[in-house]
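Peer 1: Data file data03.txt (compact mmCIF, C-alpha atoms) is appended below.
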```txt
# COMPACT_ATOMS: atom_id res chain seq x y z
CA MET A 1 -3.84 -46.03 26.66
CA ASN A 2 -1.08 -43.37 26.49
CA VAL A 3 0.22 -44.94 23.27
CA SER A 4 -3.22 -44.71 21.62
CA LYS A 5 -3.51 -41.04 22.62
CA LEU A 6 -0.08 -40.39 21.21
CA ILE A 7 -0.97 -42.13 17.94
CA MET A 8 -4.29 -40.23 17.67
CA GLY A 9 -2.54 -36.93 18.38
CA GLY A 10 0.08 -37.68 15.73
CA LEU A 11 -2.55 -38.59 13.16
CA THR A 12 -4.50 -35.41 13.91
CA ALA A 13 -1.37 -33.29 13.52
CA LEU A 14 -0.49 -35.06 10.26
CA SER A 15 -4.02 -34.53 8.96
CA LEU A 16 -3.91 -30.80 9.78
CA ALA A 17 -0.49 -30.46 8.15
CA ALA A 18 -1.72 -32.14 4.96
CA THR A 19 -4.81 -29.90 4.82
CA SER A 20 -2.67 -26.82 5.38
CA ALA A 21 -0.21 -27.84 2.65
CA ALA A 22 -3.05 -28.41 0.16
CA SER A 23 -4.47 -24.98 0.95
CA ALA A 24 -1.07 -23.34 0.59
CA GLN A 25 -0.52 -25.00 -2.78
CA SER A 26 -3.78 -23.61 -4.14
CA ASP A 27 -2.47 -20.11 -3.34
CA MET A 28 0.75 -20.84 -5.19
CA SER A 29 -0.64 -20.47 -8.71
CA HIS A 30 1.39 -18.26 -11.01
CA ASP A 31 -1.38 -15.63 -11.18
CA ALA A 32 -1.83 -15.52 -7.40
CA ILE A 33 1.90 -15.10 -6.86
CA ALA A 34 2.12 -12.37 -9.51
CA GLU A 35 -0.78 -10.52 -7.91
CA ARG A 36 0.84 -10.62 -4.46
CA LEU A 37 4.13 -9.36 -5.89
CA GLU A 38 2.54 -6.50 -7.83
CA PRO A 39 3.90 -3.09 -6.78
CA VAL A 40 1.68 -0.93 -4.61
CA GLY A 41 2.89 2.32 -6.11
CA LYS A 42 4.76 3.84 -8.99
CA LEU A 43 7.84 6.02 -8.94
CA CYS A 44 7.46 9.11 -11.07
CA MET A 45 10.57 11.05 -12.02
CA ALA A 46 10.68 14.75 -12.86
CA GLY A 47 9.86 15.27 -16.51
CA GLU A 48 7.73 12.12 -16.79
CA ASP A 49 3.99 12.24 -17.37
CA CYS A 50 3.08 11.04 -13.83
CA GLY A 51 -0.58 10.57 -14.74
CA THR A 52 -1.39 14.16 -15.62
CA ALA A 53 -1.95 13.28 -19.29
CA ALA A 54 -4.95 11.21 -18.24
CA MET A 55 -6.27 14.16 -16.26
CA ALA A 56 -5.73 16.47 -19.22
CA SER A 57 -7.59 14.09 -21.53
CA THR A 58 -10.44 13.90 -19.01
CA THR A 59 -10.62 17.68 -18.94
CA ALA A 60 -10.38 17.92 -22.72
CA SER A 61 -13.06 15.28 -23.23
CA SER A 62 -15.41 17.27 -21.02
CA GLY A 63 -15.73 19.79 -23.80
CA GLY A 64 -12.92 22.31 -23.39
CA ASP A 65 -9.26 22.90 -23.92
CA SER A 66 -6.71 23.17 -21.13
CA GLN A 67 -6.97 26.97 -21.16
CA GLY A 68 -10.33 28.23 -20.06
CA ALA A 69 -11.67 24.71 -19.45
CA GLU A 70 -12.77 23.87 -15.95
CA ILE A 71 -10.27 21.62 -14.20
CA ASP A 72 -11.71 18.33 -12.94
CA GLY A 73 -10.77 18.40 -9.25
CA ALA A 74 -12.48 15.05 -8.65
CA ALA A 75 -10.28 13.33 -11.24
CA ILE A 76 -7.13 14.87 -9.80
CA TYR A 77 -8.22 13.90 -6.29
CA GLY A 78 -8.89 10.36 -7.53
CA GLN A 79 -5.44 10.01 -9.05
CA VAL A 80 -3.28 11.83 -6.51
CA CYS A 81 -5.00 12.41 -3.17
CA THR A 82 -7.04 9.30 -2.39
CA ALA A 83 -4.15 7.23 -1.04
CA CYS A 84 -3.90 9.44 2.04
CA HIS A 85 -7.20 11.30 2.30
CA ASP A 86 -9.40 8.19 1.91
CA THR A 87 -7.41 6.23 4.49
CA GLY A 88 -6.09 8.87 6.89
CA ALA A 89 -2.50 7.81 6.19
CA ALA A 90 0.18 9.86 7.97
CA GLY A 91 -2.50 11.79 9.85
CA ALA A 92 -4.21 13.15 6.72
CA PRO A 93 -7.77 14.32 7.41
CA LYS A 94 -10.17 11.90 5.73
CA LYS A 95 -12.48 12.99 2.96
CA GLY A 96 -15.94 13.57 4.40
CA ASP A 97 -14.79 13.88 8.04
CA ALA A 98 -16.28 17.27 8.91
CA GLY A 99 -14.82 17.17 12.43
CA ALA A 100 -11.28 16.75 11.16
CA TRP A 101 -11.71 19.45 8.52
CA ALA A 102 -13.39 22.11 10.72
CA PRO A 103 -10.19 23.51 12.31
CA ARG A 104 -8.46 23.49 8.94
CA LEU A 105 -11.33 25.32 7.26
CA GLU A 106 -11.19 27.98 9.98
CA GLN A 107 -7.70 28.87 8.71
CA GLY A 108 -9.18 29.82 5.35
CA THR A 109 -9.08 28.45 1.84
CA GLU A 110 -5.87 30.27 0.92
CA THR A 111 -4.05 28.51 3.77
CA LEU A 112 -5.38 25.15 2.57
CA TYR A 113 -4.20 25.96 -0.95
CA SER A 114 -0.77 26.96 0.36
CA HIS A 115 -0.41 23.76 2.40
CA ALA A 116 -1.47 21.61 -0.54
CA ILE A 117 0.80 23.39 -3.04
CA ASN A 118 3.88 23.79 -0.85
CA GLY A 119 3.46 20.81 1.48
CA PHE A 120 2.68 20.79 5.19
CA ASN A 121 3.68 18.38 7.95
CA ALA A 122 3.67 14.89 6.38
CA MET A 123 1.98 16.04 3.16
CA PRO A 124 4.42 16.52 0.31
CA ALA A 125 4.10 19.50 -2.02
CA LYS A 126 1.29 18.96 -4.54
CA GLY A 127 0.53 15.60 -2.96
CA GLY A 128 3.80 14.27 -4.32
CA ASN A 129 2.93 15.02 -7.96
CA THR A 130 4.97 18.13 -8.67
CA SER A 131 3.89 18.13 -12.31
CA LEU A 132 0.45 19.39 -11.24
CA SER A 133 -0.23 23.07 -11.77
CA ASP A 134 -1.27 25.22 -8.82
CA ASP A 135 -4.75 25.48 -10.35
CA GLU A 136 -5.04 21.69 -10.56
CA VAL A 137 -4.06 21.37 -6.90
CA LYS A 138 -6.60 24.07 -5.95
CA ALA A 139 -9.31 22.21 -7.88
CA ALA A 140 -8.52 19.00 -5.98
CA VAL A 141 -8.57 20.90 -2.67
CA ASP A 142 -11.94 22.44 -3.59
CA HIS A 143 -13.31 18.96 -4.36
CA LEU A 144 -12.00 17.56 -1.08
CA VAL A 145 -13.31 20.47 0.99
CA ALA A 146 -16.75 20.37 -0.65
CA ALA A 147 -17.02 16.67 0.24
CA SER A 148 -15.90 17.31 3.82
CA GLN A 149 -18.19 20.10 4.99
```
Represent the structure of the file as structure tokens.
Peer 2:
Amino acid sequence: MNVSKLIMGGLTALSLAATSAASAQSDMSHDAIAERLEPVGKLCMAGEDCGTAAMASTTASSGGDSQGAEIDGAAIYGQVCTACHDTGAAGAPKKGDAGAWAPRLEQGTETLYSHAINGFNAMPAKGGNTSLSDDEVKAAVDHLVAASQ
């Protein structure tokens, strides 16, 4: 009887191993591997575009030029700020979390602008995109604050 249990246990283990191997092979397609190896971010060096050309074209396509045209804070937020403020990474207050934003708002908008432009705690200056103008950063802050009150 012990031999039959041992054989049944061995067959069960072999069956599970074969099923697991078949499942693992289906995940080994070239496209699946390439997707898993895709970078999660992009390094942007000083002097490179860093995504601001797309923001400028969004602003320009909204009917104005870069001078005098209203800056699209939502677009800037979407390209620069979402990684931390949508997830709460590194202690960033989440967009829409009125409780987390209340003590910050009590400090005043100018303080928020200063922290966003110059960096504060774990937040890098200009959200890590130093090619942004101060006005672009302020527009993104205004968008974030409006969504968090």
Peer 1: Can you measure atom CA of Val137 of chain A to atom CA of Gly108 of chain A for me? One decimal in Å is fine.
Peer 2: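 Result for atom CA of Val137 of chain A versus atom CA of Gly108 of chain A: 15.7 Å, one decimal.
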Peer 1: Name the residues in contact with Tyr77 of chain A at a cut-off of 12 Å, using only C-alpha atoms, excluding same-chain residues fewer than 4 positions from it; report them as a list in words.
Peer 2: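 Using only C-alpha atoms, the neighbours found are Gly51, Thr52, Met55, Ile71, Asp72, Gly73, Cys81, Thr82, Ala83, Cys84, His85, Asp86, Lys95, Ala116, Lys126, Gly127, Asn129, Leu132, Glu136, Val137, Lys138, Ala139, Ala140, Val141, Asp142, His143, Leu144, Val145 and Ala147 of chain A.
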Peer 1: Between atom CA of Ser131 of chain A and atom CA of Leu112 of chain A, what distance in Å does the model show, to one decimal?
Peer 2: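 Answer for the atom CA of Ser131 of chain A to atom CA of Leu112 of chain A separation: 18.9 Å.
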Peer 1: Enter the distance from atom CA of Ile33 of chain A to atom CA of Ala90 of chain A, in Å, rounded to one decimal.
Peer 2: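 Computing it gives 29.1 Å between the two atoms.
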Peer 1: List the spatial neighbours of Gly99 of chain A as JSON, numbers by chain - criterion: any atom at most 10 Å away, only C-alpha atoms, same-chain residues fewer than 6 positions off excluded.
Peer 2: {"A": [93, 148, 149]}
Peer 1: Could N, CA and C atoms be built for segment 99-125 of chain A and written out as an mmCIF file, in the frame of the given file?
Peer 2:
```cif
data_model
loop_
_atom_site.group_PDB
_atom_site.id
_atom_site.type_symbol
_atom_site.label_atom_id
_atom_site.label_comp_id
_atom_site.auth_asym_id
_atom_site.auth_seq_id
_atom_site.Cartn_x
_atom_site.Cartn_y
_atom_site.Cartn_z
ATOM 1 N N GLY A 99 -15.499 16.839 11.177
ATOM 2 C CA GLY A 99 -14.820 17.170 12.430
ATOM 3 C C GLY A 99 -13.330 17.408 12.233
ATOM 4 N N ALA A 100 -12.716 16.593 11.413
ATOM 5 C CA ALA A 100 -11.280 16.750 11.160
ATOM 6 C C ALA A 100 -10.989 17.974 10.301
ATOM 7 N N TRP A 101 -11.929 18.318 9.440
ATOM 8 C CA TRP A 101 -11.710 19.450 8.520
ATOM 9 C C TRP A 101 -12.069 20.795 9.135
ATOM 10 N N ALA A 102 -12.928 20.842 10.151
ATOM 11 C CA ALA A 102 -13.390 22.110 10.720
ATOM 12 C C ALA A 102 -12.246 23.041 11.133
ATOM 13 N N PRO A 103 -11.263 22.574 11.919
ATOM 14 C CA PRO A 103 -10.190 23.510 12.310
ATOM 15 C C PRO A 103 -9.334 23.948 11.122
ATOM 16 N N ARG A 104 -9.238 23.125 10.128
ATOM 17 C CA ARG A 104 -8.460 23.490 8.940
ATOM 18 C C ARG A 104 -9.204 24.539 8.117
ATOM 19 N N LEU A 105 -10.518 24.369 8.032
ATOM 20 C CA LEU A 105 -11.330 25.320 7.260
ATOM 21 C C LEU A 105 -11.352 26.690 7.931
ATOM 22 N N GLU A 106 -11.216 26.704 9.256
ATOM 23 C CA GLU A 106 -11.190 27.980 9.980
ATOM 24 C C GLU A 106 -9.955 28.810 9.590
ATOM 25 N N GLN A 107 -8.913 28.158 9.116
ATOM 26 C CA GLN A 107 -7.700 28.870 8.710
ATOM 27 C C GLN A 107 -7.875 29.561 7.357
ATOM 28 N N GLY A 108 -8.900 29.185 6.630
ATOM 29 C CA GLY A 108 -9.180 29.820 5.350
ATOM 30 C C GLY A 108 -8.705 28.987 4.161
ATOM 31 N N THR A 109 -9.370 29.207 3.058
ATOM 32 C CA THR A 109 -9.080 28.450 1.840
ATOM 33 C C THR A 109 -7.669 28.717 1.330
ATOM 34 N N GLU A 110 -7.212 29.952 1.418
ATOM 35 C CA GLU A 110 -5.870 30.270 0.920
ATOM 36 C C GLU A 110 -4.794 29.498 1.688
ATOM 37 N N THR A 111 -5.000 29.297 2.985
ATOM 38 C CA THR A 111 -4.050 28.510 3.770
ATOM 39 C C THR A 111 -4.073 27.058 3.326
ATOM 40 N N LEU A 112 -5.274 26.520 3.073
ATOM 41 C CA LEU A 112 -5.380 25.150 2.570
ATOM 42 C C LEU A 112 -4.662 25.012 1.233
ATOM 43 N N TYR A 113 -4.878 25.973 0.346
ATOM 44 C CA TYR A 113 -4.200 25.960 -0.950
ATOM 45 C C TYR A 113 -2.681 25.963 -0.748
ATOM 46 N N SER A 114 -2.203 26.845 0.118
ATOM 47 C CA SER A 114 -0.770 26.960 0.360
ATOM 48 C C SER A 114 -0.191 25.654 0.892
ATOM 49 N N HIS A 115 -0.879 25.030 1.837
ATOM 50 C CA HIS A 115 -0.410 23.760 2.400
ATOM 51 C C HIS A 115 -0.381 22.673 1.331
ATOM 52 N N ALA A 116 -1.407 22.637 0.491
ATOM 53 C CA ALA A 116 -1.470 21.610 -0.540
ATOM 54 C C ALA A 116 -0.402 21.835 -1.614
ATOM 55 N N ILE A 117 -0.170 23.075 -1.983
ATOM 56 C CA ILE A 117 0.800 23.390 -3.040
ATOM 57 C C ILE A 117 2.233 23.248 -2.544
ATOM 58 N N ASN A 118 2.506 23.751 -1.364
ATOM 59 C CA ASN A 118 3.880 23.790 -0.850
ATOM 60 C C ASN A 118 4.233 22.637 0.078
ATOM 61 N N GLY A 119 3.235 21.893 0.529
ATOM 62 C CA GLY A 119 3.460 20.810 1.480
ATOM 63 C C GLY A 119 3.281 21.317 2.898
ATOM 64 N N PHE A 120 2.901 20.420 3.796
ATOM 65 C CA PHE A 120 2.680 20.790 5.190
ATOM 66 C C PHE A 120 2.719 19.528 6.030
ATOM 67 N N ASN A 121 3.494 19.551 7.090
ATOM 68 C CA ASN A 121 3.680 18.380 7.950
ATOM 69 C C ASN A 121 4.083 17.179 7.092
ATOM 70 N N ALA A 122 3.314 16.090 7.138
ATOM 71 C CA ALA A 122 3.670 14.890 6.380
ATOM 72 C C ALA A 122 3.244 14.952 4.916
ATOM 73 N N MET A 123 2.444 15.953 4.553
ATOM 74 C CA MET A 123 1.980 16.040 3.160
ATOM 75 C C MET A 123 3.058 16.659 2.283
ATOM 76 N N PRO A 124 3.438 15.938 1.225
ATOM 77 C CA PRO A 124 4.420 16.520 0.310
ATOM 78 C C PRO A 124 3.780 17.598 -0.568
ATOM 79 N N ALA A 125 4.601 18.461 -1.112
ATOM 80 C CA ALA A 125 4.100 19.500 -2.020
ATOM 81 C C ALA A 125 3.329 18.851 -3.169
#
```
